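**Student:** Pasting upload-v3.csv below, which is CSV, C-alpha atoms.
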chain,number,residue,atom,x,y,z
X,1,MET,CA,73.1,203.1,33.0
X,2,ARG,CA,72.1,205.2,36.0
X,3,GLY,CA,70.3,204.5,39.2
X,4,ALA,CA,71.1,202.1,42.0
X,5,GLY,CA,68.0,200.0,41.2
X,6,ALA,CA,68.9,199.7,37.5
X,7,VAL,CA,72.5,198.8,38.3
X,8,ALA,CA,71.5,196.1,40.9
X,9,ARG,CA,69.0,194.5,38.5
X,10,ARG,CA,71.5,194.4,35.7
X,11,LEU,CA,74.2,192.9,37.9
X,12,SER,CA,71.7,190.3,39.2
X,13,GLY,CA,70.7,189.4,35.7
X,14,LEU,CA,74.3,189.0,34.6
X,15,ARG,CA,75.1,186.8,37.6
X,16,LEU,CA,72.1,184.6,37.1
X,17,GLY,CA,72.7,184.3,33.3
X,18,ALA,CA,76.3,183.2,33.6
X,19,VAL,CA,77.1,179.9,31.9
X,20,GLU,CA,80.9,179.4,32.3
X,21,GLU,CA,82.6,181.9,34.5
X,22,VAL,CA,82.1,185.1,36.5
X,23,CYS,CA,85.2,187.2,37.2
X,24,VAL,CA,84.9,189.9,39.9
X,25,MET,CA,87.1,192.7,41.3
X,26,LEU,CA,86.1,194.3,44.6
X,27,THR,CA,87.7,197.3,46.3
X,28,ALA,CA,88.1,197.7,50.0
X,29,ARG,CA,85.9,200.9,49.7
X,30,VAL,CA,82.1,200.6,49.7
X,31,GLY,CA,81.2,200.6,46.0
X,32,VAL,CA,78.4,199.6,43.7
X,33,LEU,CA,79.2,195.9,43.8
X,34,THR,CA,79.5,195.7,47.6
X,35,GLU,CA,76.6,198.1,48.5
X,36,ARG,CA,74.0,198.2,45.8
X,37,ALA,CA,73.7,194.6,44.9
X,38,GLY,CA,73.1,193.1,48.3
X,39,GLY,CA,76.7,192.4,49.3
X,40,PRO,CA,79.8,191.1,47.5
X,41,VAL,CA,79.3,189.1,44.4
X,42,PRO,CA,79.8,185.6,45.7
X,43,GLY,CA,81.0,182.3,44.3
X,44,GLY,CA,78.2,179.9,43.7
X,45,PRO,CA,77.4,176.2,43.3
X,46,GLY,CA,77.2,174.4,40.0
X,47,ALA,CA,79.3,174.5,36.9
X,48,VAL,CA,79.9,178.3,36.8
X,49,VAL,CA,83.4,179.2,37.9
X,50,HIS,CA,83.6,182.3,40.1
X,51,ARG,CA,87.0,184.0,40.4
X,52,THR,CA,87.2,187.1,42.7
X,53,VAL,CA,90.1,189.5,43.4
X,54,VAL,CA,89.6,191.5,46.5
X,55,GLU,CA,91.3,194.5,48.0
X,56,GLY,CA,91.7,193.8,51.7
X,57,THR,CA,88.1,192.7,52.1
X,58,PRO,CA,87.1,189.6,54.1
X,59,PRO,CA,87.2,186.2,52.3
X,60,ILE,CA,84.1,185.3,50.3
X,61,PRO,CA,83.1,182.0,48.8
X,62,GLY,CA,84.6,180.7,45.5
X,63,LEU,CA,88.1,181.1,44.2
X,64,CYS,CA,89.5,184.3,45.7
X,65,ARG,CA,92.8,186.2,45.7
X,66,VAL,CA,93.9,189.3,47.6
X,67,VAL,CA,95.8,192.2,46.2
X,68,ASP,CA,97.0,195.5,47.8
X,69,ARG,CA,95.1,197.7,45.4
X,70,ILE,CA,92.4,197.4,42.8
X,71,PRO,CA,91.9,200.3,40.3
X,72,ALA,CA,88.1,199.8,39.9
X,73,GLU,CA,85.3,197.4,40.7
X,74,LEU,CA,84.4,195.1,37.8
X,75,VAL,CA,82.3,192.1,36.9
X,76,ILE,CA,82.9,190.0,33.7
X,77,VAL,CA,80.5,187.3,32.7
X,78,ASP,CA,81.6,184.5,30.3
X,79,ARG,CA,84.1,186.9,28.7
X,80,ARG,CA,81.2,188.3,26.7
X,81,VAL,CA,79.9,191.2,28.8
X,82,ALA,CA,81.2,193.3,31.6
X,83,LEU,CA,79.7,195.7,34.2
X,84,LEU,CA,82.0,198.6,35.1
X,85,PRO,CA,80.7,200.8,37.9
X,86,LEU,CA,81.5,204.5,37.4
X,87,ALA,CA,82.7,206.9,40.1
X,88,SER,CA,79.8,208.2,42.2
X,89,GLY,CA,79.0,211.9,41.7
X,90,ALA,CA,76.1,214.3,41.6
X,91,VAL,CA,74.2,211.9,39.3
X,92,GLY,CA,74.3,209.1,41.8
X,93,THR,CA,75.1,205.4,41.1
X,94,ALA,CA,76.0,204.6,37.5
X,95,ALA,CA,77.6,201.8,35.6
X,96,LEU,CA,78.8,201.0,32.1
X,97,VAL,CA,77.8,197.8,30.3
X,98,VAL,CA,80.6,196.7,28.0
X,99,HIS,CA,80.1,194.1,25.2
X,100,SER,CA,82.6,192.5,22.8
X,101,GLY,CA,85.3,194.8,21.5
X,102,ALA,CA,88.6,196.4,22.4
X,103,LEU,CA,87.4,197.8,25.7
X,104,LEU,CA,86.1,194.4,26.9
X,105,ASP,CA,89.4,192.8,25.9
X,106,SER,CA,91.2,195.4,28.0
X,107,LEU,CA,89.0,194.8,31.0
X,108,ILE,CA,89.6,191.0,30.7
X,109,ASP,CA,93.3,191.7,30.6
X,110,LEU,CA,93.0,194.0,33.7
X,111,PHE,CA,91.3,191.3,35.6
X,112,GLU,CA,93.8,188.6,34.6
X,113,ASP,CA,96.7,190.8,35.6
X,114,ALA,CA,95.1,191.3,39.0
X,115,TRP,CA,94.3,187.6,39.4
X,116,HIS,CA,97.8,186.5,38.7
X,117,GLU,CA,99.3,189.1,40.9
X,118,GLY,CA,96.9,188.2,43.8
X,119,ARG,CA,97.7,186.1,46.8
X,120,PRO,CA,95.6,183.0,47.1
X,121,LEU,CA,93.6,182.6,50.4
X,122,ARG,CA,94.4,179.8,52.9
X,123,PRO,CA,91.4,177.6,53.7
X,124,GLY,CA,91.1,179.5,57.0
X,125,GLY,CA,90.9,182.8,55.2
X,126,GLY,CA,94.5,184.2,55.4
X,127,SER,CA,96.4,184.9,52.2
X,128,VAL,CA,99.6,183.1,51.2
X,129,GLY,CA,102.4,183.9,48.9
X,130,GLY,CA,102.0,184.0,45.1
X,131,PRO,CA,100.9,180.8,43.2
X,132,SER,CA,103.6,178.2,42.8
X,133,GLU,CA,102.0,175.9,40.2
X,134,PRO,CA,100.4,176.7,36.8
X,135,ASP,CA,96.7,176.6,36.7
X,136,ALA,CA,94.6,174.7,34.0
X,137,THR,CA,94.7,177.6,31.5
X,138,ASP,CA,98.4,178.0,32.0
X,139,LEU,CA,98.9,174.4,31.1
X,140,GLU,CA,96.6,174.7,28.0
X,141,VAL,CA,98.7,177.7,26.8
X,142,LEU,CA,101.9,175.8,27.5
X,143,SER,CA,100.8,172.7,25.7
X,144,LEU,CA,99.8,174.6,22.6
X,145,LEU,CA,103.1,176.5,22.6
X,146,LEU,CA,105.0,173.2,22.9
X,147,ALA,CA,103.0,172.0,19.9
X,148,GLY,CA,104.5,174.8,17.9
X,149,LEU,CA,101.7,177.4,17.8
X,150,THR,CA,102.5,181.1,18.0
X,151,ASP,CA,101.3,183.3,20.8
X,152,ALA,CA,98.7,184.8,18.5
X,153,SER,CA,97.4,181.4,17.4
X,154,VAL,CA,97.2,180.2,21.0
X,155,ALA,CA,95.2,183.3,21.9
X,156,LYS,CA,92.8,182.7,19.1
X,157,GLN,CA,92.3,179.0,19.8
X,158,LEU,CA,91.7,179.6,23.6
X,159,GLY,CA,89.7,182.8,23.2
X,160,LEU,CA,92.2,184.8,25.2
X,161,GLY,CA,93.8,188.2,24.5
X,162,LEU,CA,97.4,188.2,23.1
X,163,ARG,CA,98.5,190.1,26.2
X,164,THR,CA,97.0,187.4,28.4
X,165,VAL,CA,98.8,184.6,26.6
X,166,GLN,CA,102.1,186.5,26.8
X,167,ARG,CA,101.6,187.3,30.5
X,168,ARG,CA,100.9,183.7,31.2
X,169,VAL,CA,104.1,182.6,29.4
X,170,ARG,CA,106.0,185.1,31.6
X,171,ARG,CA,104.4,183.7,34.7
X,172,LEU,CA,105.3,180.1,33.6
X,173,MET,CA,108.9,181.2,33.2
X,174,GLU,CA,108.9,182.7,36.6
X,175,LEU,CA,107.4,179.6,38.2
X,176,ALA,CA,110.0,177.5,36.4
X,177,GLY,CA,112.8,179.8,37.3
X,178,VAL,CA,114.0,180.3,33.8
X,179,THR,CA,114.7,183.3,31.5
X,180,THR,CA,114.1,181.9,28.0
X,181,ARG,CA,111.3,179.9,26.3
X,182,LEU,CA,113.7,177.2,25.4
X,183,GLN,CA,114.6,176.7,29.0
X,184,LEU,CA,110.9,176.7,29.8
X,185,GLY,CA,110.4,173.8,27.4
X,186,TRP,CA,113.0,171.8,29.2
X,187,GLN,CA,111.6,172.6,32.6
X,188,ALA,CA,108.1,171.8,31.4
X,189,ALA,CA,109.4,168.3,30.4
X,190,GLU,CA,111.1,167.9,33.8
X,191,ARG,CA,108.1,168.9,35.7
X,192,GLY,CA,105.5,167.1,33.6
X,193,TRP,CA,103.7,170.3,32.7
X,194,GLY,CA,103.5,169.5,29.0
X,195,ARG,CA,102.4,165.9,29.2
X,196,GLY,CA,99.3,164.7,27.3
X,197,ARG,CA,99.3,167.4,24.6
X,198,GLY,CA,101.9,167.5,21.9
X,199,GLY,CA,104.9,166.6,24.0
X,200,VAL,CA,107.8,168.9,24.4
X,201,ASP,CA,109.5,168.7,21.1
X,202,GLY,CA,107.9,171.7,19.4
X,203,PRO,CA,109.8,175.0,19.6
X,204,PHE,CA,108.2,178.1,21.2
X,205,ARG,CA,107.3,180.7,18.7
X,206,GLY,CA,106.4,184.2,19.9
So, in terms of structure tokens, how does the structure I just supplied come out?

**Tutor:**
Amino acid sequence: MRGAGAVARRLSGLRLGAVEEVCVMLTARVGVLTERAGGPVPGGPGAVVHRTVVEGTPPIPGLCRVVDRIPAELVIVDRRVALLPLASGAVGTAALVVHSGALLDSLIDLFEDAWHEGRPLRPGGGSVGGPSEPDATDLEVLSLLLAGLTDASVAKQLGLGLRTVQRRVRRLMELAGVTTRLQLGWQAAERGWGRGRGGVDGPFRG
């Protein structure tokens, strides 16, 4: 897709058509998402969750985290379609629309990597250290693992990539301060992370 107008219209359509979640990465440099679509892609009201990873840009509405560097700007809507702006050149503004497939899965993994490496923003706008508690998806992953599912089965059931599940498990181990999945099971029981879904008796299976 080429042309600033075409890219802006497609971006607007994706944002307005979101049902569950919009995931965005914004660089500190002026790019397609920050310049061509009327400003940064914002969080919005309603049931649609907006998660944004920014590279040194001012805080914007919605769930936002800050990283030192982002490789490319990106918008992912409902994990079903992504808009990937291409480097500007002689042809002007251009973007790639990515639908279900290996490339979309890789872009989702890229966003999740950036999200979990990002520093959450304080209410006043400053960033803080890395997250110290698991989020809702972390807990879903943990609960299913504690119930005895493999990483691959968890990924399939939650609609996540296998790498995403494995990365979340590593993050949970870091949060719990452990080095093995067995230790993570014990820590999950101590901290109450696994309550309400299958207990903590099931072994972890990779």

**Student:** Measure the distance from atom CA of X:Arg163 to atom CA of X:Trp193 in Å and round it to one decimal.

**Tutor:** 21.5 Å

**Student:** List the neighbours of stretch 70-79 of chain X out to 9 Å using all atoms listed in the file; skip same-chain residues closer than 2 positions along the sequence, and give me the result as a ChimeraX atom specification.

**Tutor:** /X:11,14-15,17-28,31-33,41,53-55,67-68,81-87,99-100,104-105,107-108,111,114,159

**Student:** Name the residues in contact with X:Met173 at a cut-off of 9 Å, using all atoms listed in the file, excluding same-chain residues fewer than 6 positions from it; report them as a ChimeraX atom specification.

**Tutor:** /X:179-181,183-184

**Student:** Next, dump the selected residues to file, keeping only C-alpha atoms, as a compact mmCIF listing (two decimals), in the frame of the given file.

**Tutor:**
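Ended up saving to part19.txt:
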# COMPACT_ATOMS: atom_id res chain seq x y z
CA THR X 179 114.70 183.30 31.50
CA THR X 180 114.10 181.90 28.00
CA ARG X 181 111.30 179.90 26.30
CA GLN X 183 114.60 176.70 29.00
CA LEU X 184 110.90 176.70 29.80

**Student:** Between X:Arg80, X:Arg51, X:His116, X:Arg9, single out the one closest to X:Arg168, counting only C-alpha atoms.

**Tutor:**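 With only C-alpha atoms as the atom set, the closest residue is X:His116.
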
**Student:** One number please: atom CA of X:Arg167 to atom CA of X:Asp151, in Å, one decimal.

**Tutor:** 10.5 Å

**Student:** Have a look at X:Val49, X:Leu103, X:Val66, X:Val7 and name the one nearest to X:Arg119; count only C-alpha atoms.

**Tutor:** X:Val66

**Student:** Provide the atom CA of X:Asp138 to atom CA of X:Thr52 distance in Å, to one decimal place.

**Tutor:**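 Taking atom CA of X:Asp138 and atom CA of X:Thr52, their separation equals 18.0 Å.
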
**Student:** Pick from X:Ala102, X:Ala188, X:Leu110, X:Val178: nearest to X:Ser143, with all atoms listed in the file counted?

**Tutor:**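 Selected residue with least distance to X:Ser143: X:Ala188.
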
**Student:** Which neighbours of X:Gln157 fall inside 10 Å, counting all atoms listed in the file, when residues of the same chain fewer than 6 positions from it are skipped, and could you give them as a list in words?

**Tutor:**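 So, after excluding close chain neighbours, the residues are Val141, Leu144 and Leu149 of chain X.
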
**Student:** Write the residues of the selection above to a file with C-alpha atoms, as a compact mmCIF listing (two decimals), keeping the file's coordinate frame.

**Tutor:**
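The new file selection-v1.txt reads:
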# COMPACT_ATOMS: atom_id res chain seq x y z
CA VAL X 141 98.70 177.70 26.80
CA LEU X 144 99.80 174.60 22.60
CA LEU X 149 101.70 177.40 17.80

**Student:** In the coordinates of the file, take the point (103.6, 173.8, 33.3) and a cut-off of 10 Å; then, counting only C-alpha atoms, name each qualifying protein, DNA or RNA residue as a CSV table (one decimal) with C-alpha atoms, in the coordinates of the input.

**Tutor:**
chain,number,residue,atom,x,y,z
X,133,GLU,CA,102.0,175.9,40.2
X,134,PRO,CA,100.4,176.7,36.8
X,135,ASP,CA,96.7,176.6,36.7
X,136,ALA,CA,94.6,174.7,34.0
X,137,THR,CA,94.7,177.6,31.5
X,138,ASP,CA,98.4,178.0,32.0
X,139,LEU,CA,98.9,174.4,31.1
X,140,GLU,CA,96.6,174.7,28.0
X,141,VAL,CA,98.7,177.7,26.8
X,142,LEU,CA,101.9,175.8,27.5
X,143,SER,CA,100.8,172.7,25.7
X,169,VAL,CA,104.1,182.6,29.4
X,172,LEU,CA,105.3,180.1,33.6
X,173,MET,CA,108.9,181.2,33.2
X,175,LEU,CA,107.4,179.6,38.2
X,176,ALA,CA,110.0,177.5,36.4
X,184,LEU,CA,110.9,176.7,29.8
X,185,GLY,CA,110.4,173.8,27.4
X,187,GLN,CA,111.6,172.6,32.6
X,188,ALA,CA,108.1,171.8,31.4
X,189,ALA,CA,109.4,168.3,30.4
X,190,GLU,CA,111.1,167.9,33.8
X,191,ARG,CA,108.1,168.9,35.7
X,192,GLY,CA,105.5,167.1,33.6
X,193,TRP,CA,103.7,170.3,32.7
X,194,GLY,CA,103.5,169.5,29.0
X,195,ARG,CA,102.4,165.9,29.2

**Student:** Limit the output to all heavy atoms and give stretch 100-113 of chain X as a PDB file, in the first residue's frame.

**Tutor:**
ATOM      1  N   SER X 100      -3.223 -13.214   8.723  1.00  0.00           N
ATOM      2  CA  SER X 100      -2.833 -14.431   9.426  1.00  0.00           C
ATOM      3  C   SER X 100      -1.739 -15.188   8.693  1.00  0.00           C
ATOM      4  O   SER X 100      -1.771 -15.344   7.473  1.00  0.00           O
ATOM      5  CB  SER X 100      -4.054 -15.341   9.606  1.00  0.00           C
ATOM      6  OG  SER X 100      -5.045 -14.702  10.386  1.00  0.00           O
ATOM      7  N   GLY X 101      -0.774 -15.651   9.465  1.00  0.00           N
ATOM      8  CA  GLY X 101       0.335 -16.403   8.890  1.00  0.00           C
ATOM      9  C   GLY X 101       1.583 -16.243   9.739  1.00  0.00           C
ATOM     10  O   GLY X 101       1.563 -15.638  10.813  1.00  0.00           O
ATOM     11  N   ALA X 102       2.679 -16.797   9.244  1.00  0.00           N
ATOM     12  CA  ALA X 102       3.922 -16.795  10.001  1.00  0.00           C
ATOM     13  C   ALA X 102       4.433 -15.383  10.268  1.00  0.00           C
ATOM     14  O   ALA X 102       4.965 -15.089  11.351  1.00  0.00           O
ATOM     15  CB  ALA X 102       4.979 -17.614   9.265  1.00  0.00           C
ATOM     16  N   LEU X 103       4.285 -14.487   9.287  1.00  0.00           N
ATOM     17  CA  LEU X 103       4.768 -13.121   9.474  1.00  0.00           C
ATOM     18  C   LEU X 103       3.990 -12.403  10.566  1.00  0.00           C
ATOM     19  O   LEU X 103       4.567 -11.719  11.417  1.00  0.00           O
ATOM     20  CB  LEU X 103       4.696 -12.339   8.165  1.00  0.00           C
ATOM     21  CG  LEU X 103       5.158 -10.870   8.232  1.00  0.00           C
ATOM     22  CD1 LEU X 103       6.568 -10.769   8.785  1.00  0.00           C
ATOM     23  CD2 LEU X 103       5.068 -10.222   6.852  1.00  0.00           C
ATOM     24  N   LEU X 104       2.659 -12.561  10.566  1.00  0.00           N
ATOM     25  CA  LEU X 104       1.851 -11.931  11.608  1.00  0.00           C
ATOM     26  C   LEU X 104       2.227 -12.487  12.975  1.00  0.00           C
ATOM     27  O   LEU X 104       2.353 -11.734  13.955  1.00  0.00           O
ATOM     28  CB  LEU X 104       0.360 -12.150  11.342  1.00  0.00           C
ATOM     29  CG  LEU X 104      -0.589 -11.550  12.400  1.00  0.00           C
ATOM     30  CD1 LEU X 104      -0.396 -10.043  12.503  1.00  0.00           C
ATOM     31  CD2 LEU X 104      -2.039 -11.883  12.080  1.00  0.00           C
ATOM     32  N   ASP X 105       2.432 -13.801  13.069  1.00  0.00           N
ATOM     33  CA  ASP X 105       2.840 -14.407  14.341  1.00  0.00           C
ATOM     34  C   ASP X 105       4.156 -13.801  14.824  1.00  0.00           C
ATOM     35  O   ASP X 105       4.337 -13.534  16.016  1.00  0.00           O
ATOM     36  CB  ASP X 105       2.987 -15.919  14.188  1.00  0.00           C
ATOM     37  CG  ASP X 105       1.652 -16.622  13.964  1.00  0.00           C
ATOM     38  OD1 ASP X 105       0.610 -16.014  14.269  1.00  0.00           O
ATOM     39  OD2 ASP X 105       1.663 -17.773  13.486  1.00  0.00           O
ATOM     40  N   SER X 106       5.087 -13.586  13.902  1.00  0.00           N
ATOM     41  CA  SER X 106       6.383 -13.010  14.270  1.00  0.00           C
ATOM     42  C   SER X 106       6.231 -11.564  14.748  1.00  0.00           C
ATOM     43  O   SER X 106       6.899 -11.135  15.699  1.00  0.00           O
ATOM     44  CB  SER X 106       7.345 -13.059  13.083  1.00  0.00           C
ATOM     45  OG  SER X 106       7.633 -14.395  12.719  1.00  0.00           O
ATOM     46  N   LEU X 107       5.336 -10.805  14.104  1.00  0.00           N
ATOM     47  CA  LEU X 107       5.103  -9.423  14.521  1.00  0.00           C
ATOM     48  C   LEU X 107       4.454  -9.367  15.905  1.00  0.00           C
ATOM     49  O   LEU X 107       4.778  -8.491  16.717  1.00  0.00           O
ATOM     50  CB  LEU X 107       4.227  -8.706  13.498  1.00  0.00           C
ATOM     51  CG  LEU X 107       4.860  -8.480  12.119  1.00  0.00           C
ATOM     52  CD1 LEU X 107       3.849  -7.857  11.165  1.00  0.00           C
ATOM     53  CD2 LEU X 107       6.105  -7.594  12.231  1.00  0.00           C
ATOM     54  N   ILE X 108       3.554 -10.293  16.180  1.00  0.00           N
ATOM     55  CA  ILE X 108       2.943 -10.371  17.510  1.00  0.00           C
ATOM     56  C   ILE X 108       4.003 -10.676  18.556  1.00  0.00           C
ATOM     57  O   ILE X 108       4.045 -10.066  19.633  1.00  0.00           O
ATOM     58  CB  ILE X 108       1.822 -11.426  17.535  1.00  0.00           C
ATOM     59  CG1 ILE X 108       0.638 -10.967  16.669  1.00  0.00           C
ATOM     60  CG2 ILE X 108       1.356 -11.690  18.973  1.00  0.00           C
ATOM     61  CD1 ILE X 108      -0.435 -12.017  16.482  1.00  0.00           C
ATOM     62  N   ASP X 109       4.892 -11.624  18.240  1.00  0.00           N
ATOM     63  CA  ASP X 109       5.985 -11.944  19.160  1.00  0.00           C
ATOM     64  C   ASP X 109       6.889 -10.741  19.379  1.00  0.00           C
ATOM     65  O   ASP X 109       7.352 -10.482  20.493  1.00  0.00           O
ATOM     66  CB  ASP X 109       6.809 -13.117  18.618  1.00  0.00           C
ATOM     67  CG  ASP X 109       6.138 -14.464  18.829  1.00  0.00           C
ATOM     68  OD1 ASP X 109       5.255 -14.546  19.695  1.00  0.00           O
ATOM     69  OD2 ASP X 109       6.502 -15.422  18.130  1.00  0.00           O
ATOM     70  N   LEU X 110       7.146  -9.986  18.307  1.00  0.00           N
ATOM     71  CA  LEU X 110       7.988  -8.794  18.413  1.00  0.00           C
ATOM     72  C   LEU X 110       7.364  -7.784  19.360  1.00  0.00           C
ATOM     73  O   LEU X 110       8.049  -7.206  20.226  1.00  0.00           O
ATOM     74  CB  LEU X 110       8.174  -8.170  17.028  1.00  0.00           C
ATOM     75  CG  LEU X 110       8.964  -6.851  16.973  1.00  0.00           C
ATOM     76  CD1 LEU X 110      10.402  -7.077  17.408  1.00  0.00           C
ATOM     77  CD2 LEU X 110       8.915  -6.269  15.554  1.00  0.00           C
ATOM     78  N   PHE X 111       6.060  -7.553  19.218  1.00  0.00           N
ATOM     79  CA  PHE X 111       5.386  -6.615  20.110  1.00  0.00           C
ATOM     80  C   PHE X 111       5.430  -7.104  21.555  1.00  0.00           C
ATOM     81  O   PHE X 111       5.722  -6.330  22.480  1.00  0.00           O
ATOM     82  CB  PHE X 111       3.932  -6.396  19.694  1.00  0.00           C
ATOM     83  CG  PHE X 111       3.171  -5.556  20.689  1.00  0.00           C
ATOM     84  CD1 PHE X 111       3.252  -4.171  20.650  1.00  0.00           C
ATOM     85  CD2 PHE X 111       2.413  -6.149  21.689  1.00  0.00           C
ATOM     86  CE1 PHE X 111       2.588  -3.388  21.597  1.00  0.00           C
ATOM     87  CE2 PHE X 111       1.752  -5.377  22.637  1.00  0.00           C
ATOM     88  CZ  PHE X 111       1.837  -3.999  22.587  1.00  0.00           C
ATOM     89  N   GLU X 112       5.121  -8.392  21.766  1.00  0.00           N
ATOM     90  CA  GLU X 112       5.095  -8.915  23.131  1.00  0.00           C
ATOM     91  C   GLU X 112       6.477  -8.836  23.774  1.00  0.00           C
ATOM     92  O   GLU X 112       6.596  -8.564  24.974  1.00  0.00           O
ATOM     93  CB  GLU X 112       4.581 -10.362  23.132  1.00  0.00           C
ATOM     94  CG  GLU X 112       3.117 -10.507  22.730  1.00  0.00           C
ATOM     95  CD  GLU X 112       2.153  -9.887  23.737  1.00  0.00           C
ATOM     96  OE1 GLU X 112       2.568  -9.524  24.860  1.00  0.00           O
ATOM     97  OE2 GLU X 112       0.959  -9.763  23.410  1.00  0.00           O
ATOM     98  N   ASP X 113       7.520  -9.074  22.998  1.00  0.00           N
ATOM     99  CA  ASP X 113       8.886  -8.930  23.521  1.00  0.00           C
ATOM    100  C   ASP X 113       9.112  -7.501  24.007  1.00  0.00           C
ATOM    101  O   ASP X 113       9.631  -7.271  25.104  1.00  0.00           O
ATOM    102  CB  ASP X 113       9.920  -9.277  22.446  1.00  0.00           C
ATOM    103  CG  ASP X 113      10.060 -10.773  22.228  1.00  0.00           C
ATOM    104  OD1 ASP X 113       9.671 -11.545  23.131  1.00  0.00           O
ATOM    105  OD2 ASP X 113      10.558 -11.175  21.162  1.00  0.00           O
TER     106      ASP X 113
END
